[in-house]
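Trainee: Quick one: the structure is below, and I'll ask about it shortly.
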Amino acid sequence: MHILALVRKEGDMVYLSQLLNKPVYVGQREYAKVIDFGVVQDLSTANVSTILIRKEGKKFTLPTDQVKFTEKRFFIETEDITLSPYNDKDFYLAEDLLDKQVIDVTGRRLVRVNDVILKKNGVYKIVGIDIGFSGILRRLGLGVVFNLRTISIPWTLIEAFDYQMGQVRLKLSQNSLNAFHPAEIADILEDAGTKERLGVVELLDPRMAAAALGEADPETQQSILESLPKDSLKKIVQKMSVADIVDILKELNPFTSKEIFQNLEQDKIQNVRRLSVYPDNVAGGLMDVNFYREKEDTTVAETIEFLRLMRRRPEVVVVVDNEDTLKGIIAVRNLFNLEPDSSLKDVAISAQSVTSDAPFKEILRTFSEYNLRLLPVVDENDKVIGAISVDTVLEHVQRGEEYEEPI
């Protein structure tokens, strides 16, 4: 289950903030204004059952099936209107959900509900809660002006409510949060406050926390790593990739950097120091030393079996000899169409490569010209020392990096 990334309005989805304070018409006559939406049945069903209106200074509720909605207003098709008095014991979206905190099962505050996402399919149904800054701008009428991406949590991941004394506590379990994609958790971390960020990270298992930090922006990475307790820091950095550690160390104070080095194994320290000497805009600074390689005498059947045991299957196998000299590459998807007894040296295709000092302009041109998913990086003896993924190249482009030759 992933976080929803919605635009201002997508198909039959709409934000609560777009519906509040809209007029309700009977014919051509303005009858009342919509001020809220109620869920009077089981909250887990997420079906909106009543519309709260203000008429002549008083609050009433209408069944949702009596009210239709267009782009600009609500209207009632019948003169036989069923009004019920407002009941403050019922659950209302604006009154009881907006600005409340999403917390975990132990009570740690994570993020705030800035808007509510609804879907119209016969009845209005709660789809998710908007936790991003875009929700605040939308409520101020500035959503169209800034057109920010929505960060939201699906309603299905909200597991329970503690609805007492007019307060709603949304409980998000550890299992639910770990089901998110790391990039989506990074979105939450970037949008949350300092204390909330730590609450989210401490909910995650170390592997997921490491992956999410690798996706987050430098300010978020710095804020979290410099605030984590030593035990949590140790568990997370041990799960981080060498490339992510190299990038993050550039932003940290010397004390946290020292703490990170103390928690790394010796071979990882050597790889971090080796990569740290390269600028960000050359192959050595972009490559990952943890890539999937196999010896050329390995069979297709053996390789497939190795891949099945892997937690995350790579897209490409880099084929090398006993000296780690590059012999070719094979797309993983093609392995299943090859003869199982064939050795990799017989089925690998010729591979493009670059040296560690190759500038980003050359790397981008090579990826584009040969439609690559992975580009091996070799030393002066053609030994493979790392690999650059297409995802890394795209991230570099999205950050707006310069493509000039390094000085």
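By convention here, the chains of the structure tokens are called A, B, ... in the order presented, each chain's residues are numbered starting at 1, and ligands are numbered starting at 1 in the order presented.
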Residues near Val24 of chain A, anyone? I mean within 12 Å using only C-alpha atoms, not counting same-chain ones fewer than 4 positions away, as a PyMOL selection string.
Mentor: chain A and resi 19-20+28-35+51-55+62+66-70+72-77
Trainee: Can you pull out every residue within 7 Å of Asn263 of chain A, counting only C-alpha atoms, but drop anything in the same chain fewer than 4 positions away, and send it as JSON, numbers by chain?
Mentor: {"A": [234, 238, 259]}
Trainee: Could you tell me which of A:Leu16, A:Val282, A:Val39, A:Val123 comes closest to Leu98 of chain A if we count only C-alpha atoms?
Mentor: A:Leu16
Trainee: Using only C-alpha atoms, which residues sit within 6 Å of Asp244 of chain A once same-chain residues fewer than 3 positions away are excluded, as a list in words?
Mentor: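 Selected residues are Gly214, Ser241 and Asp247 of chain A.
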Trainee: Kindly indicate which residue among A:Thr299, A:Val289, A:Ser17, A:Phe133 lies nearest to Asp115 of chain A, using only C-alpha atoms for the distances.
Mentor: A:Ser17
Trainee: Taking the DSSP assignment computed from this structure's backbone, write out as an mmCIF file with C-alpha atoms, in the first residue's frame all residues of segment 196-393 of chain A that belong to alpha helix (DSSP H).
Mentor:
data_model
loop_
_atom_site.group_PDB
_atom_site.id
_atom_site.type_symbol
_atom_site.label_atom_id
_atom_site.label_comp_id
_atom_site.auth_asym_id
_atom_site.auth_seq_id
_atom_site.Cartn_x
_atom_site.Cartn_y
_atom_site.Cartn_z
ATOM 1 C CA GLU A 196 7.620 14.152 14.211
ATOM 2 C CA ARG A 197 10.471 13.015 11.942
ATOM 3 C CA LEU A 198 12.084 11.131 14.792
ATOM 4 C CA GLY A 199 8.744 9.546 15.638
ATOM 5 C CA VAL A 200 8.398 8.239 12.085
ATOM 6 C CA VAL A 201 11.989 6.947 11.903
ATOM 7 C CA GLU A 202 11.733 5.153 15.237
ATOM 8 C CA LEU A 203 8.620 3.354 13.968
ATOM 9 C CA PRO A 206 16.339 -0.112 10.356
ATOM 10 C CA ARG A 207 16.452 -1.294 6.733
ATOM 11 C CA MET A 208 13.393 0.758 5.757
ATOM 12 C CA ALA A 209 14.616 3.773 7.744
ATOM 13 C CA ALA A 210 17.957 3.611 5.910
ATOM 14 C CA ALA A 211 16.257 3.398 2.519
ATOM 15 C CA ALA A 212 13.906 6.293 3.335
ATOM 16 C CA LEU A 213 16.784 8.505 4.498
ATOM 17 C CA GLY A 214 18.581 7.754 1.249
ATOM 18 C CA GLU A 215 15.575 9.210 -0.610
ATOM 19 C CA PRO A 218 19.906 16.784 2.635
ATOM 20 C CA GLU A 219 18.247 19.013 5.242
ATOM 21 C CA THR A 220 15.990 16.177 6.381
ATOM 22 C CA GLN A 221 18.866 13.704 6.476
ATOM 23 C CA GLN A 222 20.961 16.056 8.569
ATOM 24 C CA SER A 223 18.130 16.878 10.968
ATOM 25 C CA ILE A 224 17.329 13.220 11.639
ATOM 26 C CA LEU A 225 20.825 11.731 11.868
ATOM 27 C CA LYS A 230 23.169 6.463 19.417
ATOM 28 C CA ASP A 231 21.581 3.001 19.350
ATOM 29 C CA SER A 232 19.119 3.982 16.617
ATOM 30 C CA LEU A 233 21.841 5.736 14.605
ATOM 31 C CA LYS A 234 24.019 2.616 14.735
ATOM 32 C CA LYS A 235 21.250 0.291 13.510
ATOM 33 C CA ILE A 236 20.274 2.579 10.633
ATOM 34 C CA VAL A 237 23.709 3.496 9.259
ATOM 35 C CA VAL A 242 27.892 3.189 0.750
ATOM 36 C CA ALA A 243 26.726 5.730 -1.837
ATOM 37 C CA ASP A 244 24.060 7.135 0.519
ATOM 38 C CA ILE A 245 26.557 7.388 3.387
ATOM 39 C CA VAL A 246 29.018 9.280 1.186
ATOM 40 C CA ASP A 247 26.313 11.781 0.191
ATOM 41 C CA ILE A 248 25.023 12.230 3.738
ATOM 42 C CA LEU A 249 28.458 12.731 5.342
ATOM 43 C CA PRO A 254 32.036 16.250 12.548
ATOM 44 C CA PHE A 255 30.674 14.624 15.714
ATOM 45 C CA THR A 256 27.880 12.748 13.925
ATOM 46 C CA SER A 257 30.234 11.813 11.070
ATOM 47 C CA LYS A 258 32.671 10.327 13.589
ATOM 48 C CA GLU A 259 29.834 8.410 15.229
ATOM 49 C CA ILE A 260 28.810 6.964 11.861
ATOM 50 C CA PHE A 261 32.357 5.798 11.055
ATOM 51 C CA GLN A 262 32.578 4.103 14.450
ATOM 52 C CA GLN A 266 36.107 -1.832 8.058
ATOM 53 C CA ASP A 267 35.412 -2.773 4.435
ATOM 54 C CA LYS A 268 32.510 -0.338 4.329
ATOM 55 C CA ILE A 269 34.701 2.425 5.752
ATOM 56 C CA GLN A 270 37.253 1.808 2.997
ATOM 57 C CA ASN A 271 34.546 2.018 0.323
ATOM 58 C CA VAL A 272 33.141 5.224 1.820
ATOM 59 C CA ARG A 273 36.591 6.851 1.867
ATOM 60 C CA ARG A 274 37.300 5.701 -1.670
ATOM 61 C CA LEU A 275 34.063 7.188 -3.016
ATOM 62 C CA SER A 276 34.407 10.379 -0.985
ATOM 63 C CA ALA A 283 31.189 8.546 -12.530
ATOM 64 C CA GLY A 284 33.111 7.818 -9.316
ATOM 65 C CA GLY A 285 30.804 10.099 -7.356
ATOM 66 C CA LEU A 286 27.666 8.591 -8.877
ATOM 67 C CA VAL A 300 22.153 -19.352 -16.208
ATOM 68 C CA ALA A 301 20.357 -21.809 -13.908
ATOM 69 C CA GLU A 302 22.707 -21.020 -11.002
ATOM 70 C CA THR A 303 22.257 -17.281 -11.535
ATOM 71 C CA ILE A 304 18.460 -17.572 -11.529
ATOM 72 C CA GLU A 305 18.620 -19.540 -8.294
ATOM 73 C CA PHE A 306 20.854 -16.874 -6.702
ATOM 74 C CA LEU A 307 18.422 -14.165 -7.812
ATOM 75 C CA ARG A 308 15.464 -15.973 -6.265
ATOM 76 C CA VAL A 332 17.694 -10.244 -15.647
ATOM 77 C CA ARG A 333 14.418 -10.463 -17.582
ATOM 78 C CA ASN A 334 16.279 -12.194 -20.443
ATOM 79 C CA LEU A 335 17.786 -14.917 -18.267
ATOM 80 C CA LEU A 344 27.175 -16.432 -18.558
ATOM 81 C CA LYS A 345 30.234 -15.789 -20.738
ATOM 82 C CA ASP A 346 28.401 -17.423 -23.664
ATOM 83 C CA VAL A 347 25.191 -15.399 -23.325
ATOM 84 C CA PHE A 360 28.113 13.442 -16.120
ATOM 85 C CA LYS A 361 27.650 14.742 -19.650
ATOM 86 C CA GLU A 362 29.326 11.601 -21.010
ATOM 87 C CA ILE A 363 27.377 9.351 -18.650
ATOM 88 C CA LEU A 364 24.052 10.876 -19.682
ATOM 89 C CA ARG A 365 24.937 10.564 -23.362
ATOM 90 C CA THR A 366 25.895 6.892 -22.942
ATOM 91 C CA PHE A 367 22.659 6.036 -21.114
ATOM 92 C CA SER A 368 20.621 7.809 -23.768
ATOM 93 C CA GLU A 369 22.441 6.448 -26.808
ATOM 94 C CA TYR A 370 22.397 2.801 -25.690
ATOM 95 C CA VAL A 390 19.456 4.762 -14.472
ATOM 96 C CA ASP A 391 17.646 5.850 -11.290
ATOM 97 C CA THR A 392 20.786 7.612 -10.086
ATOM 98 C CA VAL A 393 21.106 9.414 -13.422
#
Trainee: Please report, as a ChimeraX atom specification, each residue of segment 189-332 of chain A to which DSSP assigns strand (DSSP E) when run on this structure's backbone.
Mentor: /A:293-295,316-320,326-331
Trainee: Give me, please, the distance in Å between atom CA of Thr50 of chain A and atom CA of Ile151 of chain A, quoted to one decimal.
Mentor: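 These two atoms are separated by 26.8 Å.
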Trainee: Counting only C-alpha atoms, which of A:Pro279, A:Pro154, A:Pro182, A:Pro85 gets nearest to Pro359 of chain A?
Mentor: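 Nearest to Pro359 of chain A: A:Pro279.
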Trainee: Check the smallest atom-to-atom distance from each of A:Ala216, A:Leu157, A:Leu140, A:Val397 to Gly128 of chain A using only C-alpha atoms, then report the winner.
Mentor: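 Smallest distance to Gly128 of chain A is found for A:Leu157.
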Trainee: Compare A:Glu395, A:Asp130, A:Asp65, A:Glu315 by their minimum atom-to-atom distance to Leu118 of chain A, counting only C-alpha atoms, and give me the closest one.
Mentor: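 Checking each of A:Glu395, A:Asp130, A:Asp65, A:Glu315 against Leu118 of chain A, counting only C-alpha atoms, the winner is A:Asp130.
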